[in-house]
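S.K.: This is the structure, below, for whatever I ask next.
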Amino acid sequence: MESQRNARLKIMGIDTWTLRDLSPPHGPLAVSRLQEAMSPAGDCPDGLTDWTSLKAKVRDCQRCPLHETRTQTVFGTGDEEARWMFIGEAPGEQEDLKGEPFVGRAGQLLDEMVKALGLERSTVYIANVLKCRPPRNRDPLPFEAEACESYLLDQLQLVSPSILVAVGRIAAQHLLKTTTPIGKLRGVVHDYHGIPLVVTYHPAYLLRAQTEKRRAWEDLKLARQTLAGATVKRASNGLLL
C-alpha cells in the first residue's frame with residue numbers, strides 16, 4: 001500500500017510521498033450532521049427527500065441564464081454515502097460535454113490525489129458549486145453561485161460527508177463567502193454548515209505550478225487528520241461516523 005501511494009504521489013511530481021508528519025490529529029471540531037444545520041425538522045430544502053427528485057430538479061433548472069448556453073447540467077459523481085466530498089467551482093468544456101465533474105487532465109490529477117489518500121474516485125463524492133458551465137470557462141458570478149447553492153446543500157444533506165475539500169480558489173471563496181486569497185485559506189480547518197472544510201489548490205493550477213503539489217499534499221493530510229480527529233471525538237461519544 002505504501003509503495004502504491006508513493007507511486008501516486010510521484011505522478012503528481014513529488015519526489016517523496018512518504019508520510020513524515022506524525023503530529024497528532026487536530027483538536028476536536030464541532031462537527032454535526034448537515035440535517036441539524038438546515039431546518040428544525042431536518043427536512044431537505046424545498047421538500048427534497050431523494051436523489052431522483054434532486055437530479056431531475058437540477059437537470060431542468062433555469063434559475064439563471066447559464067441554462068441557455070449549457071450542453072447539459074453537471075450534477076456530481078461518486079459514492080452517494082461517501083465520507084469525503086470534493087467541491088470544485090464549475091464545469092469546464094469537457095465536463096459540459098460529458099456531464100461529469102473533473103474530467104480531462106485536471107480530473108486525472110484529482111484522481112491521483114484521491115488515490116494518494118488510499119481512496120478511489122468511486123468511493124468519494126465530487127461536485128461543483130455551479131452545475132452549468134459558464135461561457136468560455138469564465139469565473140462564476142456571485143448570483144450564479146447563489147442560484148446553485150441550495151442544490152449543493154441538498155447534495156450535502158443526502159451524502160452527509162464527514163469532511164469537505166474545496167478544490168481551488170474560486171470554489172473556496174464562494175463556499176466561505178470571502179475574498180481572502182487561497183494562500184491564507186489553506187492550512188486552516190473551516191466550517192461549512194457544520195462540516196469541516198479544508199482548502200487546496202485546483203488540479204488545473206497544479207498542472208501549471210508543479211512546485212505547489214507538495215503543498216496540496218499537505219492540505220490532503222490536514223483533511224485526513226481532521227477526519228481522524230472528528231472520528232475519535234464521535235467514537236468517544238458512542239457515535240461513530
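Naming works like this for the C-alpha cells: A, B, ... for the chains as they're shown, residue 1 at the start of each chain, ligands 1 onward in shown order.
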Write out as a PyMOL selection string all residues of region 94-237 of chain A that DSSP puts in helix (DSSP H, G or I) for this structure's backbone.
M.R.: chain A and resi 94-98+104-116+121-123+135-137+142-159+169-176+182-185+203-208+210-236
S.K.: Which residues, written as a JSON list (two decimals) with N, CA and C atoms, in the first residue's frame, have at least one atom at most 9 Å from region 95-108 of chain A, with only C-alpha atoms counted and residues fewer than 2 positions away on the same chain left out?
M.R.:
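Output below, filename part-v1.json:
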[["chain", "number", "residue", "atom", "x", "y", "z"],
["A", 70, "ARG", "N", -25.61, 26.03, -21.77],
["A", 70, "ARG", "CA", -25.06, 24.73, -21.38],
["A", 70, "ARG", "C", -25.42, 23.66, -22.40],
["A", 71, "THR", "N", -24.58, 22.62, -22.47],
["A", 71, "THR", "CA", -24.94, 21.41, -23.21],
["A", 71, "THR", "C", -25.81, 20.54, -22.33],
["A", 72, "GLN", "N", -25.41, 20.42, -21.08],
["A", 72, "GLN", "CA", -26.17, 19.68, -20.09],
["A", 72, "GLN", "C", -25.69, 20.11, -18.70],
["A", 73, "THR", "N", -26.46, 19.82, -17.69],
["A", 73, "THR", "CA", -26.00, 20.10, -16.33],
["A", 73, "THR", "C", -24.98, 19.05, -15.91],
["A", 74, "VAL", "N", -24.14, 19.43, -14.97],
["A", 74, "VAL", "CA", -23.13, 18.52, -14.43],
["A", 74, "VAL", "C", -23.45, 18.37, -12.94],
["A", 75, "PHE", "N", -24.10, 17.29, -12.60],
["A", 75, "PHE", "CA", -24.66, 17.13, -11.27],
["A", 75, "PHE", "C", -23.61, 16.80, -10.22],
["A", 76, "GLY", "N", -22.94, 15.69, -10.37],
["A", 76, "GLY", "CA", -21.97, 15.20, -9.40],
["A", 76, "GLY", "C", -21.77, 13.72, -9.64],
["A", 77, "THR", "N", -20.76, 13.15, -9.00],
["A", 77, "THR", "CA", -20.46, 11.75, -9.24],
["A", 77, "THR", "C", -19.79, 11.14, -8.01],
["A", 88, "GLY", "N", -15.53, 21.48, -6.49],
["A", 88, "GLY", "CA", -14.86, 22.40, -7.39],
["A", 88, "GLY", "C", -15.72, 23.60, -7.69],
["A", 90, "ALA", "N", -16.84, 24.97, -11.08],
["A", 90, "ALA", "CA", -17.85, 24.90, -12.14],
["A", 90, "ALA", "C", -17.36, 23.95, -13.23],
["A", 91, "PRO", "N", -18.28, 23.42, -14.04],
["A", 91, "PRO", "CA", -17.86, 22.56, -15.15],
["A", 91, "PRO", "C", -17.08, 23.35, -16.20],
["A", 92, "GLY", "N", -16.12, 22.66, -16.83],
["A", 92, "GLY", "CA", -15.44, 23.22, -17.99],
["A", 92, "GLY", "C", -16.04, 22.65, -19.26],
["A", 93, "GLU", "N", -15.34, 22.85, -20.36],
["A", 93, "GLU", "CA", -15.87, 22.40, -21.65],
["A", 93, "GLU", "C", -16.07, 20.90, -21.69],
["A", 110, "LEU", "N", -6.69, 14.92, -10.12],
["A", 110, "LEU", "CA", -7.52, 14.81, -8.92],
["A", 110, "LEU", "C", -7.67, 13.34, -8.52],
["A", 111, "ASP", "N", -7.83, 12.48, -9.51],
["A", 111, "ASP", "CA", -7.92, 11.04, -9.22],
["A", 111, "ASP", "C", -6.66, 10.56, -8.49],
["A", 112, "GLU", "N", -5.49, 11.02, -8.94],
["A", 112, "GLU", "CA", -4.25, 10.61, -8.30],
["A", 112, "GLU", "C", -4.15, 11.16, -6.88],
["A", 113, "MET", "N", -4.64, 12.36, -6.67],
["A", 113, "MET", "CA", -4.64, 12.93, -5.34],
["A", 113, "MET", "C", -5.53, 12.11, -4.40],
["A", 126, "ILE", "N", -17.87, 13.85, -5.69],
["A", 126, "ILE", "CA", -17.29, 15.02, -6.34],
["A", 126, "ILE", "C", -18.42, 15.85, -6.95],
["A", 127, "ALA", "N", -18.41, 17.13, -6.64],
["A", 127, "ALA", "CA", -19.43, 18.03, -7.16],
["A", 127, "ALA", "C", -18.81, 19.40, -7.41],
["A", 128, "ASN", "N", -19.59, 20.31, -7.97],
["A", 128, "ASN", "CA", -19.17, 21.67, -8.20],
["A", 128, "ASN", "C", -20.12, 22.65, -7.55],
["A", 132, "CYS", "N", -23.74, 24.27, -14.08],
["A", 132, "CYS", "CA", -23.67, 24.58, -15.51],
["A", 132, "CYS", "C", -22.36, 25.28, -15.82],
["A", 133, "ARG", "N", -21.86, 25.09, -17.04],
["A", 133, "ARG", "CA", -20.60, 25.70, -17.45],
["A", 133, "ARG", "C", -20.79, 27.18, -17.77],
["A", 202, "HIS", "N", -6.48, 23.89, -7.07],
["A", 202, "HIS", "CA", -7.17, 23.20, -8.15],
["A", 202, "HIS", "C", -6.15, 22.40, -8.96],
["A", 203, "PRO", "N", -6.50, 21.18, -9.37],
["A", 203, "PRO", "CA", -5.55, 20.37, -10.16],
["A", 203, "PRO", "C", -5.08, 21.08, -11.42],
["A", 204, "ALA", "N", -5.94, 21.88, -12.06],
["A", 204, "ALA", "CA", -5.52, 22.61, -13.26],
["A", 204, "ALA", "C", -4.38, 23.57, -12.93],
["A", 205, "TYR", "N", -4.42, 24.18, -11.77],
["A", 205, "TYR", "CA", -3.34, 25.06, -11.33],
["A", 205, "TYR", "C", -2.08, 24.26, -11.04],
["A", 206, "LEU", "N", -2.25, 23.09, -10.42],
["A", 206, "LEU", "CA", -1.09, 22.26, -10.09],
["A", 206, "LEU", "C", -0.39, 21.75, -11.34],
["A", 207, "LEU", "N", -1.13, 21.59, -12.41],
["A", 207, "LEU", "CA", -0.50, 21.16, -13.67],
["A", 207, "LEU", "C", 0.42, 22.26, -14.21]]
S.K.: Which residue out of A:Gln173, A:Thr179, A:Gln210, A:Thr226 has the minimum interatomic distance to Ile87 (chain A) when only C-alpha atoms are used?
M.R.: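 Among the listed residues, the smallest separation from Ile87 (chain A) belongs to A:Gln173.
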S.K.: Rank A:Arg224, A:Arg215, A:Arg83, A:Arg186 by their smallest atom-to-atom distance to Ser122 (chain A), using only C-alpha atoms, and report the top residue only.
M.R.: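 Looking at the shortest contact to Ser122 (chain A), the residue is A:Arg83.
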S.K.: Given only C-alpha atoms, how would the per-residue table for region 61-128 of chain A near region 155-171 of chain A read, listing every residue at most 6 Å away with its closest atom pair and distance in Å to one decimal, sorted by chain and number, as a Markdown table?
M.R.:
| residue | atom | partner | partner_atom | distance |
| --- | --- | --- | --- | --- |
| A:Glu80 | CA | A:Val159 | CA | 5.1 |
| A:Glu81 | CA | A:Val159 | CA | 4.8 |
| A:Ala82 | CA | A:Pro161 | CA | 5.8 |
| A:Arg83 | CA | A:Pro161 | CA | 4.3 |
| A:Trp84 | CA | A:Ile163 | CA | 5.2 |
| A:Met85 | CA | A:Leu164 | CA | 4.9 |
| A:Phe86 | CA | A:Val165 | CA | 4.8 |
| A:Ile87 | CA | A:Ala166 | CA | 5.0 |
| A:Gly88 | CA | A:Val167 | CA | 4.9 |
| A:Glu89 | CA | A:Ala171 | CA | 4.4 |
S.K.: Calculated over only C-alpha atoms, which of the candidates A:Ala56, A:Cys61, A:Ala228, A:Leu119 has the smallest distance to Lys131 (chain A)?
M.R.: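 Smallest distance to Lys131 (chain A) is found for A:Cys61.
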S.K.: Pick out the residues sitting within 12 Å of Cys64 (chain A), and hand them over as a PDB file with C-alpha atoms, in the first residue's frame; count only C-alpha atoms, and ignore anything fewer than 5 positions along from it in its own chain.
M.R.:
ATOM      1  CA  VAL A  58     -31.019  20.227 -11.421  1.00  0.00           C
ATOM      2  CA  THR A  69     -25.639  28.093 -23.062  1.00  0.00           C
ATOM      3  CA  ARG A  70     -25.060  24.732 -21.378  1.00  0.00           C
ATOM      4  CA  LEU A 130     -22.125  25.524 -10.231  1.00  0.00           C
ATOM      5  CA  LYS A 131     -23.971  22.816 -12.133  1.00  0.00           C
ATOM      6  CA  CYS A 132     -23.669  24.578 -15.514  1.00  0.00           C
ATOM      7  CA  ARG A 133     -20.603  25.701 -17.450  1.00  0.00           C
ATOM      8  CA  PRO A 134     -20.005  29.465 -17.571  1.00  0.00           C
ATOM      9  CA  PRO A 140     -18.778  32.049 -11.811  1.00  0.00           C
ATOM     10  CA  LEU A 141     -20.660  35.231 -10.985  1.00  0.00           C
ATOM     11  CA  PRO A 142     -21.930  35.677  -7.416  1.00  0.00           C
ATOM     12  CA  PHE A 143     -25.612  35.471  -8.367  1.00  0.00           C
ATOM     13  CA  GLU A 144     -24.949  32.252 -10.326  1.00  0.00           C
ATOM     14  CA  ALA A 145     -23.319  30.627  -7.309  1.00  0.00           C
ATOM     15  CA  GLU A 146     -26.192  31.779  -5.121  1.00  0.00           C
ATOM     16  CA  ALA A 147     -28.716  30.287  -7.539  1.00  0.00           C
ATOM     17  CA  CYS A 148     -26.963  26.918  -7.324  1.00  0.00           C
TER      18      CYS A 148
END
